[in-house]
Amino acid sequence: MTIEELRKIAETERAAQAKCPHKVCVCIAAGCLSSGADQVRDALKREVAESGMQSDVLVKGVGCMGLCSAGPLVEVRTEFDNSAQLFAGVTAEEAPELIRGLDTGSVPLKPCPTDVPFFERQQKIVLENSGRIDPERIEDYIAADGYAALVTAITEMTPQEVIDQMVRSGLRGRGGAGYPTGLKWSTVAKTGEQEKYVICNADEGDPGAFMDRAVLESDPHRVLEGMAIAAYAVGAQKGFIYVRAEYPLAVKHLRTAIKQAERLGLLGSNICGTRFSFQADIRLGAGAFVCGEETALIASIEGRRGTPRPRPPYPAEEGLWDCPTLINNVETFANVAPIVRNGAAWFAAIGTEKSKGTKVFALAGRVENTGLIEVPMGITLREIIQEIGGGIPEGKQYKAVQTGGPSGGCIPEQHLDSPVDYESLARIGSIMGSGGMIVMDETSCMVDVAKYFMEFCMSESCGKCVPCRAGTQQMHGLLEKIAAGEATPADLALLEELCELVRGTSLCGLGQSAPNPVVTTLKYFRKEYEDHIAGKPCPTCHTAPRCDTGAHEEVVR
């Protein structure tokens with residue numbers, strides 16, 4: 001595959017799609033599929049065939065369009081006037097009316113407004129193809145400049161030049177820690193000529209998080225292209241995508257994408273006639289949250305029990321099968337191709353001084369517009385929740401937002417104007433994490449929220465180190481006593497002591513960050529803890545002395 005051949009495929013695909021004046025795109029990502037999007041797509045295709053409109057209307061399944069709470073979503077694009085209409089909650093019964101409306105020039109369904117902050121305030125890099133291309137057709141991806149960055153990198157750039165692009169771009173790992181991507185790549189590259197590996201960490205386990213799943217379902221080739229470019233830069237020839245088995249649609253699209261890329265010579269041996277070869281394979285995880293930690297993930301790929309090991313040595317020096325290993329998450333790899341295509345300066349101009357680019361979030365909980373969003377770094381929490389998210393439903397009052405999943409913290413209203421970047425979130429006791437963002441209103445009891453996340457960490461602990469294995473269990477027991485109105489001030493003091501102990505002595509990030517929800521709720525909502533201990537009614541469910549925990553669980557589950 002040469003750059004000329006790639007361009008020819010792109011031009012042929014664009015020309016074929018341009019022949020149809022109407023394009024009807026149906027979201028077939030997991031959220032819309034659960035609402036019957038596949039039936040809507042099939043009904044649309046049947047109506048097109050029965051009405052003889054195959055030359056006028058192209059119906060295709062696409063990836064996530066973002067507004068998951070309004071699915072199934074259907075977008076109609078008309079070439080004549082370059083217009084687009086989005087229809088929400090479309091049913092299979094309504095689908096024929098939509099096609100007939102294209103023929104008559106008047107669609108009877110009411111479109112969903114798109115000139116609203118949810119769409120206008122986003123800036124899409126990772127999600128630029130989501131909702132636009134068919135994730136199961138490599139030609140559609142190539143028509144959107146797919147694989148152009150890979151061909152450019154391996155035919156026109158040296159590995160060091162690729163790494164320099166990553167360094168200058170300021171891209172930081174989107175898996176949670178925010179480690180500089182270029183620096184990590186440099187470390188692996190400097191280990192010399194030996195067997196090396198590239199791993200894509202798609203073990204997304206945070207409650208309420210679905211960013212990586214959506215990207216893999218919507219644009220799998222983008223992740224494969226990023227991995228291949230990374231492999232070229234660091235000198236690796238083999239890669240693994242470690243993805244949860246409970247993501248069957250993502251796994252299906254990845255397998256299809258790998259086969260298609262191999263068929264066109266974009267993966268495999270001597271890519272584009274060069275000496276560079278790269279093979280990608282999938283490894284399925286069984287759903288252990290701890291396997292999101294790098295060394296536990298490596299152990300799982302090797303066929304061993306997924307438990308972490310002490311570091312150093314770091315995976316960049318001794319990783320998979322004791323070989324240097326580059327590990328980045330899905331969103332990090334999805335940023336690579338656009339940086340190579342558009343240049344490091346383009347990416348570095350977006351975001352803040354230390355947090356460059358955009359961030360994908362799964363916006364969930366007590367907010368009007370739940371779904372997948374991508375925003376520039378530096379945007380405030382208030383802008384995300386009140387403008388993009390549409391505010392709190394049912395006239396309720398905002399109470400807190402948790403960023404970073406079980407490892408993150410709960411942020412109160414007084415910090416709503418904090419910018420969303422790595423340093424700012426850390427200063428107020430939370431983390432960026434992989435991108436989960438759960439909004440809570442006045443009906444949420446913060447004691448119970450802390451107990452829920454501690455229960456999650458306790459059950460997901462691998463048990464290898466005592467502080468995490470025993471500490472999370474003891475902390476959960478104390479939170480249960482507090483919620484039941486059976487605790488004393490001494491229990492609260494012990495809880496705080498345990499937070500420091502578990503945070504400071506646990507082996508891996510699971511235990512080290514498990515106290516975060518407790519620490520932040522104690523910091524910002526301490527009165528709720530004290531009221532429970534004093535036997536006063538829970539300020540949200542108004543029962544005493546035992547808090548009706550079932551009344552609070554829906555928001556985080």
# chains A, B, ... in the order shown; residues from 1 in each chain; ligands from 1

$ closest_atom_pairs --of "region 407-468 of chain A" --to "region 193-215 of chain A" --cutoff "10 Å" --atoms "only C-alpha atoms" --output "JSON lines"
{"residue": "A:Ser407", "atom": "CA", "partner": "A:Asp206", "partner_atom": "CA", "distance": 8.6}
{"residue": "A:Gly433", "atom": "CA", "partner": "A:Asp206", "partner_atom": "CA", "distance": 9.3}
{"residue": "A:Ser434", "atom": "CA", "partner": "A:Met211", "partner_atom": "CA", "distance": 8.0}
{"residue": "A:Gly435", "atom": "CA", "partner": "A:Met211", "partner_atom": "CA", "distance": 6.9}
{"residue": "A:Gly436", "atom": "CA", "partner": "A:Ala209", "partner_atom": "CA", "distance": 4.7}
{"residue": "A:Met437", "atom": "CA", "partner": "A:Gly208", "partner_atom": "CA", "distance": 7.5}
{"residue": "A:Ile438", "atom": "CA", "partner": "A:Gly208", "partner_atom": "CA", "distance": 6.9}
{"residue": "A:Phe453", "atom": "CA", "partner": "A:Pro207", "partner_atom": "CA", "distance": 8.8}
{"residue": "A:Phe456", "atom": "CA", "partner": "A:Pro207", "partner_atom": "CA", "distance": 8.8}
{"residue": "A:Glu460", "atom": "CA", "partner": "A:Gly205", "partner_atom": "CA", "distance": 10.0}

$ residues_around --residues "region 81-98 of chain A" --least-positions-apart "3" --cutoff "8 Å" --atoms "only C-alpha atoms" --output "short mmCIF file (atom, residue, chain, number, x, y, z; two decimals) with all heavy atoms, in the first residue's frame"
data_model
loop_
_atom_site.label_atom_id
_atom_site.label_comp_id
_atom_site.auth_asym_id
_atom_site.auth_seq_id
_atom_site.Cartn_x
_atom_site.Cartn_y
_atom_site.Cartn_z
N GLY A 36 -32.99 -0.37 20.28
CA GLY A 36 -33.56 -0.87 19.03
C GLY A 36 -33.06 -0.20 17.77
O GLY A 36 -33.74 -0.22 16.74
N ALA A 37 -31.84 0.36 17.79
CA ALA A 37 -31.31 1.06 16.62
C ALA A 37 -31.11 0.13 15.43
O ALA A 37 -31.24 0.56 14.28
CB ALA A 37 -29.99 1.75 16.97
N GLN A 39 -33.00 -2.32 14.55
CA GLN A 39 -34.30 -2.48 13.90
C GLN A 39 -34.65 -1.23 13.08
O GLN A 39 -35.24 -1.32 12.00
CB GLN A 39 -35.38 -2.74 14.95
CG GLN A 39 -35.15 -4.00 15.76
CD GLN A 39 -36.08 -4.12 16.95
OE1 GLN A 39 -37.19 -3.61 16.92
NE2 GLN A 39 -35.61 -4.78 17.99
N VAL A 40 -34.28 -0.06 13.59
CA VAL A 40 -34.51 1.18 12.86
C VAL A 40 -33.70 1.18 11.56
O VAL A 40 -34.22 1.51 10.48
CB VAL A 40 -34.12 2.40 13.72
CG1 VAL A 40 -34.21 3.68 12.90
CG2 VAL A 40 -35.03 2.50 14.94
N ARG A 41 -32.43 0.79 11.64
CA ARG A 41 -31.58 0.74 10.44
C ARG A 41 -32.15 -0.22 9.40
O ARG A 41 -32.23 0.11 8.21
CB ARG A 41 -30.18 0.31 10.84
CG ARG A 41 -29.22 0.15 9.67
CD ARG A 41 -27.97 -0.62 10.08
NE ARG A 41 -28.34 -1.91 10.66
CZ ARG A 41 -27.49 -2.67 11.36
NH1 ARG A 41 -26.26 -2.27 11.57
NH2 ARG A 41 -27.89 -3.84 11.84
N ALA A 43 -35.24 -1.23 9.07
CA ALA A 43 -36.50 -0.69 8.53
C ALA A 43 -36.23 0.39 7.49
O ALA A 43 -36.93 0.48 6.46
CB ALA A 43 -37.36 -0.14 9.66
N LEU A 44 -35.22 1.22 7.73
CA LEU A 44 -34.85 2.26 6.77
C LEU A 44 -34.37 1.64 5.46
O LEU A 44 -34.75 2.09 4.37
CB LEU A 44 -33.75 3.14 7.36
CG LEU A 44 -34.16 4.11 8.48
CD1 LEU A 44 -32.94 4.65 9.19
CD2 LEU A 44 -35.01 5.25 7.94
N GLU A 47 -37.28 0.16 3.46
CA GLU A 47 -38.08 1.19 2.80
C GLU A 47 -37.37 1.75 1.58
O GLU A 47 -38.00 2.00 0.54
CB GLU A 47 -38.40 2.31 3.79
CG GLU A 47 -39.29 3.42 3.23
CD GLU A 47 -40.65 2.92 2.78
OE1 GLU A 47 -41.15 1.93 3.33
OE2 GLU A 47 -41.22 3.55 1.85
N ALA A 70 -30.97 10.20 24.19
CA ALA A 70 -32.06 10.45 23.25
C ALA A 70 -32.13 9.40 22.14
O ALA A 70 -32.82 9.58 21.16
CB ALA A 70 -31.93 11.83 22.64
N GLY A 71 -31.43 8.29 22.28
CA GLY A 71 -31.41 7.29 21.22
C GLY A 71 -32.72 6.54 21.06
O GLY A 71 -33.59 6.61 21.94
N PRO A 72 -32.87 5.84 19.93
CA PRO A 72 -31.98 5.75 18.78
C PRO A 72 -31.89 7.07 18.00
O PRO A 72 -32.89 7.75 17.82
CB PRO A 72 -32.60 4.67 17.90
CG PRO A 72 -33.51 3.90 18.80
CD PRO A 72 -34.00 4.90 19.78
N LEU A 73 -30.69 7.42 17.57
CA LEU A 73 -30.45 8.66 16.85
C LEU A 73 -30.26 8.40 15.36
O LEU A 73 -29.56 7.44 14.98
CB LEU A 73 -29.22 9.37 17.40
CG LEU A 73 -29.30 9.86 18.85
CD1 LEU A 73 -27.93 10.28 19.34
CD2 LEU A 73 -30.28 11.02 18.97
N VAL A 74 -30.87 9.24 14.55
CA VAL A 74 -30.73 9.14 13.09
C VAL A 74 -30.43 10.53 12.56
O VAL A 74 -31.14 11.49 12.87
CB VAL A 74 -32.03 8.60 12.43
CG1 VAL A 74 -31.86 8.58 10.91
CG2 VAL A 74 -32.36 7.22 12.95
N GLU A 75 -29.36 10.64 11.76
CA GLU A 75 -29.02 11.91 11.14
C GLU A 75 -29.21 11.81 9.63
O GLU A 75 -28.76 10.85 9.00
CB GLU A 75 -27.57 12.29 11.44
CG GLU A 75 -27.20 13.67 10.91
CD GLU A 75 -25.75 14.03 11.16
OE1 GLU A 75 -24.86 13.30 10.68
OE2 GLU A 75 -25.50 15.05 11.84
N VAL A 76 -29.88 12.81 9.07
CA VAL A 76 -30.11 12.87 7.63
C VAL A 76 -29.32 14.03 7.06
O VAL A 76 -29.51 15.18 7.45
CB VAL A 76 -31.62 13.05 7.31
CG1 VAL A 76 -31.82 13.17 5.81
CG2 VAL A 76 -32.43 11.89 7.88
N ARG A 77 -28.41 13.71 6.13
CA ARG A 77 -27.60 14.74 5.47
C ARG A 77 -28.00 14.86 4.00
O ARG A 77 -28.12 13.86 3.30
CB ARG A 77 -26.11 14.39 5.57
CG ARG A 77 -25.55 14.53 6.97
CD ARG A 77 -24.04 14.35 6.99
NE ARG A 77 -23.53 14.79 8.28
CZ ARG A 77 -23.12 16.02 8.54
NH1 ARG A 77 -23.16 16.94 7.59
NH2 ARG A 77 -22.67 16.35 9.73
N THR A 78 -28.22 16.08 3.56
CA THR A 78 -28.63 16.34 2.18
C THR A 78 -27.54 17.11 1.47
O THR A 78 -27.13 18.19 1.91
CB THR A 78 -29.95 17.14 2.14
OG1 THR A 78 -30.94 16.42 2.88
CG2 THR A 78 -30.42 17.33 0.71
N GLY A 101 -40.43 10.96 3.46
CA GLY A 101 -40.31 12.41 3.57
C GLY A 101 -39.16 12.96 2.73
O GLY A 101 -39.24 14.07 2.21
N LEU A 102 -38.09 12.16 2.58
CA LEU A 102 -36.99 12.59 1.73
C LEU A 102 -37.43 12.68 0.28
O LEU A 102 -36.99 13.55 -0.48
CB LEU A 102 -35.82 11.60 1.85
CG LEU A 102 -35.13 11.51 3.22
CD1 LEU A 102 -34.05 10.44 3.18
CD2 LEU A 102 -34.53 12.84 3.62
N VAL A 107 -40.01 15.87 5.72
CA VAL A 107 -39.94 14.78 6.70
C VAL A 107 -40.93 15.05 7.82
O VAL A 107 -40.88 16.11 8.46
CB VAL A 107 -38.51 14.65 7.27
CG1 VAL A 107 -38.46 13.54 8.31
CG2 VAL A 107 -37.52 14.37 6.15
N PRO A 108 -41.86 14.11 8.10
CA PRO A 108 -42.90 14.37 9.10
C PRO A 108 -42.41 14.35 10.55
O PRO A 108 -43.10 14.80 11.44
CB PRO A 108 -43.90 13.23 8.84
CG PRO A 108 -43.07 12.12 8.27
CD PRO A 108 -42.02 12.80 7.45
N LEU A 109 -41.22 13.80 10.78
CA LEU A 109 -40.73 13.72 12.15
C LEU A 109 -40.11 15.05 12.57
O LEU A 109 -39.54 15.77 11.77
CB LEU A 109 -39.68 12.61 12.28
CG LEU A 109 -40.11 11.21 11.81
CD1 LEU A 109 -38.98 10.23 12.05
CD2 LEU A 109 -41.38 10.77 12.51
N LYS A 110 -40.21 15.35 13.87
CA LYS A 110 -39.66 16.60 14.39
C LYS A 110 -38.18 16.42 14.68
O LYS A 110 -37.79 15.56 15.46
CB LYS A 110 -40.39 17.02 15.66
CG LYS A 110 -39.92 18.37 16.22
CD LYS A 110 -40.69 18.74 17.48
CE LYS A 110 -40.21 20.07 18.03
NZ LYS A 110 -40.94 20.46 19.28
N PRO A 111 -37.33 17.26 14.06
CA PRO A 111 -35.89 17.11 14.29
C PRO A 111 -35.47 17.59 15.68
O PRO A 111 -36.13 18.44 16.29
CB PRO A 111 -35.26 17.96 13.19
CG PRO A 111 -36.29 19.00 12.89
CD PRO A 111 -37.63 18.33 13.09
N CYS A 112 -34.37 17.03 16.14
CA CYS A 112 -33.78 17.45 17.41
C CYS A 112 -32.88 18.66 17.14
O CYS A 112 -32.08 18.64 16.22
CB CYS A 112 -32.96 16.29 17.98
SG CYS A 112 -32.05 16.67 19.48
N PRO A 113 -33.00 19.75 17.91
CA PRO A 113 -32.17 20.93 17.66
C PRO A 113 -30.69 20.61 17.87
O PRO A 113 -30.30 19.97 18.84
CB PRO A 113 -32.68 21.95 18.68
CG PRO A 113 -33.33 21.14 19.75
CD PRO A 113 -33.91 19.95 19.06
N THR A 114 -29.88 21.09 16.95
CA THR A 114 -28.43 20.88 17.06
C THR A 114 -27.67 22.18 17.30
O THR A 114 -26.46 22.14 17.51
CB THR A 114 -27.89 20.21 15.77
OG1 THR A 114 -28.28 21.01 14.64
CG2 THR A 114 -28.45 18.81 15.61
#

$ closest_atom_pairs --of "region 88-151 of chain A" --to "region 342-350 of chain A" --cutoff "12 Å" --atoms "only C-alpha atoms" --output "tab-separated table"
residue	atom	partner	partner_atom	distance
A:Gln123	CA	A:Ile350	CA	9.6
A:Lys124	CA	A:Ile350	CA	11.2
A:Ile125	CA	A:Phe347	CA	9.4
A:Val126	CA	A:Phe347	CA	11.7
A:Asp145	CA	A:Asn342	CA	11.3
A:Ala148	CA	A:Asn342	CA	11.1
A:Ala149	CA	A:Asn342	CA	9.1

$ write_last_selection --atoms "N, CA, C and O atoms" --output "short mmCIF file (atom, residue, chain, number, x, y, z; two decimals), in the first residue's frame"
data_model
loop_
_atom_site.label_atom_id
_atom_site.label_comp_id
_atom_site.auth_asym_id
_atom_site.auth_seq_id
_atom_site.Cartn_x
_atom_site.Cartn_y
_atom_site.Cartn_z
N GLN A 123 -15.49 20.17 21.05
CA GLN A 123 -14.42 20.25 20.06
C GLN A 123 -13.89 18.85 19.87
O GLN A 123 -13.27 18.28 20.77
N LYS A 124 -14.13 18.27 18.70
CA LYS A 124 -13.88 16.85 18.51
C LYS A 124 -12.59 16.58 17.75
O LYS A 124 -12.42 17.05 16.63
N ILE A 125 -11.75 15.82 18.39
CA ILE A 125 -10.54 15.29 17.76
C ILE A 125 -10.62 13.76 17.78
O ILE A 125 -10.64 13.11 16.74
N VAL A 126 -10.69 13.20 18.98
CA VAL A 126 -10.85 11.75 19.13
C VAL A 126 -12.16 11.28 18.50
O VAL A 126 -12.21 10.22 17.85
N ASP A 145 -9.53 10.37 5.62
CA ASP A 145 -8.08 10.54 5.83
C ASP A 145 -7.48 9.48 6.74
O ASP A 145 -6.39 9.68 7.30
N ALA A 148 -3.65 7.78 6.58
CA ALA A 148 -2.72 8.70 5.91
C ALA A 148 -1.56 9.04 6.84
O ALA A 148 -0.41 9.17 6.39
N ALA A 149 -1.85 9.20 8.13
CA ALA A 149 -0.79 9.53 9.09
C ALA A 149 0.21 8.38 9.22
O ALA A 149 1.42 8.61 9.32
#

$ atom_distance --atom1 "CA of Ala250 (chain A)" --atom2 "CA of Tyr141 (chain A)"
16.2 Å

$ residues_around --residues "Thr505 (chain A)" --least-positions-apart "6" --cutoff "12 Å" --atoms "only C-alpha atoms" --output "number ranges by chain"
A: 310, 465-471, 498-499, 511-515

$ residues_around --residues "Ser218 (chain A)" --least-positions-apart "4" --cutoff "9 Å" --atoms "only C-alpha atoms" --output "ChimeraX atom specification"
/A:28-29,62-64,127,129-136,213-214,250,253

$ closest_residue --among "A:Pro117, A:Gly273, A:Gly66, A:Gly31" --to "Ile154 (chain A)" --atoms "only C-alpha atoms"
A:Gly273

$ select_by_dssp --residues "region 119-335 of chain A" --states "alpha helix (DSSP H)" --output "PyMOL selection string"
chain A and resi 119-120+138-143+148-156+159-169+181-189+211-218+220-234+248-263+294-301+330-334

$ select_by_dssp --residues "region 327-462 of chain A" --states "strand (DSSP E)" --output "VMD selection string"
chain A and resid 327 to 329 358 to 365 371 to 376 398 to 403 409 to 412 436 to 441

$ write_last_selection --atoms "N, CA and C atoms" --output "CSV table (one decimal), in the first residue's frame"
chain,number,residue,atom,x,y,z
A,327,ILE,N,2.6,1.1,27.0
A,327,ILE,CA,1.2,1.0,27.3
A,327,ILE,C,0.6,2.3,27.3
A,328,ASN,N,-0.4,2.5,26.4
A,328,ASN,CA,-1.3,3.7,26.5
A,328,ASN,C,-2.7,3.2,26.4
A,329,ASN,N,-3.6,4.1,26.8
A,329,ASN,CA,-5.0,3.7,26.7
A,329,ASN,C,-5.7,4.1,25.3
A,358,THR,N,-7.9,17.9,23.9
A,358,THR,CA,-9.2,17.8,24.4
A,358,THR,C,-9.3,16.6,25.3
A,359,LYS,N,-10.5,16.4,25.9
A,359,LYS,CA,-10.7,15.2,26.7
A,359,LYS,C,-12.1,14.7,26.5
A,360,VAL,N,-12.2,13.4,26.4
A,360,VAL,CA,-13.5,12.8,26.2
A,360,VAL,C,-14.1,12.4,27.6
A,361,PHE,N,-15.3,12.7,27.8
A,361,PHE,CA,-16.0,12.4,29.1
A,361,PHE,C,-17.3,11.6,28.8
A,362,ALA,N,-17.6,10.7,29.7
A,362,ALA,CA,-18.9,10.0,29.7
A,362,ALA,C,-19.7,10.8,30.8
A,363,LEU,N,-20.6,11.6,30.3
A,363,LEU,CA,-21.4,12.4,31.2
A,363,LEU,C,-22.6,11.7,31.6
A,364,ALA,N,-22.7,11.4,32.9
A,364,ALA,CA,-23.8,10.5,33.4
A,364,ALA,C,-24.4,11.1,34.7
A,365,GLY,N,-25.4,10.4,35.2
A,365,GLY,CA,-26.0,10.8,36.5
A,365,GLY,C,-27.1,11.8,36.4
A,371,GLY,N,-24.4,11.4,28.0
A,371,GLY,CA,-23.9,10.9,26.8
A,371,GLY,C,-22.4,11.1,26.7
A,372,LEU,N,-21.8,11.0,25.5
A,372,LEU,CA,-20.4,11.1,25.3
A,372,LEU,C,-20.1,12.5,24.7
A,373,ILE,N,-19.1,13.1,25.4
A,373,ILE,CA,-18.8,14.5,24.9
A,373,ILE,C,-17.2,14.6,24.8
A,374,GLU,N,-16.8,15.5,24.0
A,374,GLU,CA,-15.4,15.8,23.9
A,374,GLU,C,-15.2,17.4,24.0
A,375,VAL,N,-14.4,17.8,24.9
A,375,VAL,CA,-14.3,19.2,25.2
A,375,VAL,C,-12.8,19.6,25.3
A,376,PRO,N,-12.5,20.9,25.0
A,376,PRO,CA,-11.1,21.3,25.2
A,376,PRO,C,-10.7,21.4,26.6
A,398,TYR,N,-28.0,21.2,42.1
A,398,TYR,CA,-26.7,20.5,42.0
A,398,TYR,C,-26.1,20.3,43.4
A,399,LYS,N,-25.5,19.1,43.6
A,399,LYS,CA,-24.8,18.8,44.8
A,399,LYS,C,-23.3,18.5,44.6
A,400,ALA,N,-23.0,17.6,43.7
A,400,ALA,CA,-21.6,17.3,43.5
A,400,ALA,C,-21.4,16.6,42.2
A,401,VAL,N,-20.2,16.6,41.7
A,401,VAL,CA,-19.8,15.8,40.5
A,401,VAL,C,-18.6,15.0,40.9
A,402,GLN,N,-18.6,13.7,40.5
A,402,GLN,CA,-17.4,12.9,40.7
A,402,GLN,C,-16.7,12.7,39.4
A,403,THR,N,-15.4,13.0,39.4
A,403,THR,CA,-14.6,12.8,38.2
A,403,THR,C,-13.6,11.7,38.6
A,409,GLY,N,-12.7,12.1,43.1
A,409,GLY,CA,-13.3,12.7,44.3
A,409,GLY,C,-14.6,13.4,43.9
A,410,CYS,N,-15.4,13.8,44.9
A,410,CYS,CA,-16.6,14.4,44.7
A,410,CYS,C,-16.5,15.9,44.9
A,411,ILE,N,-16.8,16.7,43.8
A,411,ILE,CA,-16.5,18.1,43.8
A,411,ILE,C,-17.8,18.9,44.0
A,412,PRO,N,-17.9,19.8,45.1
A,412,PRO,CA,-19.1,20.5,45.4
A,412,PRO,C,-19.3,21.7,44.6
A,436,GLY,N,-14.7,9.4,33.3
A,436,GLY,CA,-16.0,9.3,33.9
A,436,GLY,C,-16.4,10.5,34.6
A,437,MET,N,-17.6,10.9,34.5
A,437,MET,CA,-18.1,12.2,35.1
A,437,MET,C,-19.6,11.9,35.6
A,438,ILE,N,-19.8,11.7,36.9
A,438,ILE,CA,-21.1,11.4,37.4
A,438,ILE,C,-21.6,12.6,38.2
A,439,VAL,N,-22.8,13.1,37.8
A,439,VAL,CA,-23.4,14.3,38.4
A,439,VAL,C,-24.4,13.9,39.4
A,440,MET,N,-24.4,14.5,40.6
A,440,MET,CA,-25.3,14.2,41.7
A,440,MET,C,-26.1,15.4,42.1
A,441,ASP,N,-27.4,15.2,42.4
A,441,ASP,CA,-28.2,16.3,42.9
A,441,ASP,C,-28.4,16.2,44.4

$ atom_distance --atom1 "CA of Pro21 (chain A)" --atom2 "CA of Asp219 (chain A)"
24.3 Å

$ residues_around --residues "Val116 (chain A)" --least-positions-apart "3" --cutoff "12 Å" --atoms "only C-alpha atoms" --output "PyMOL selection string"
chain A and resi 67+112-113+119-122+369+387-390

$ write_last_selection --atoms "C-alpha atoms" --output "short mmCIF file (atom, residue, chain, number, x, y, z; two decimals), in the first residue's frame"
data_model
loop_
_atom_site.label_atom_id
_atom_site.label_comp_id
_atom_site.auth_asym_id
_atom_site.auth_seq_id
_atom_site.Cartn_x
_atom_site.Cartn_y
_atom_site.Cartn_z
CA LEU A 67 -26.51 12.25 22.89
CA CYS A 112 -33.78 17.45 17.41
CA PRO A 113 -32.17 20.93 17.66
CA PHE A 119 -23.20 20.16 20.18
CA GLU A 120 -21.76 23.65 19.74
CA ARG A 121 -19.50 23.69 22.82
CA GLN A 122 -17.72 20.47 21.94
CA ASN A 369 -28.08 15.43 28.55
CA GLU A 387 -24.43 24.25 29.43
CA ILE A 388 -23.38 21.08 27.62
CA GLY A 389 -25.18 18.83 30.09
CA GLY A 390 -28.28 21.02 30.19
#

$ atom_distance --atom1 "CA of Val290 (chain A)" --atom2 "CA of Cys457 (chain A)"
9.1 Å

$ closest_residue --among "A:Thr152, A:Thr352, A:Thr12, A:Gln165" --to "Thr274 (chain A)" --atoms "only C-alpha atoms"
A:Thr152

$ closest_residue --among "A:Gly509, A:Pro393, A:Gly61, A:Gly268" --to "Arg311 (chain A)" --atoms "only C-alpha atoms"
A:Gly509

$ closest_residue --among "A:Val336, A:Ile241, A:Val251, A:Val24" --to "Leu297 (chain A)" --atoms "only C-alpha atoms"
A:Ile241

$ closest_residue --among "A:Pro312, A:Gly170, A:Gly303, A:Gly265" --to "Leu507 (chain A)" --atoms "only C-alpha atoms"
A:Pro312

$ residues_around --residues "Leu284 (chain A)" --least-positions-apart "3" --cutoff "7 Å" --atoms "only C-alpha atoms" --output "number ranges by chain"
A: 242-245
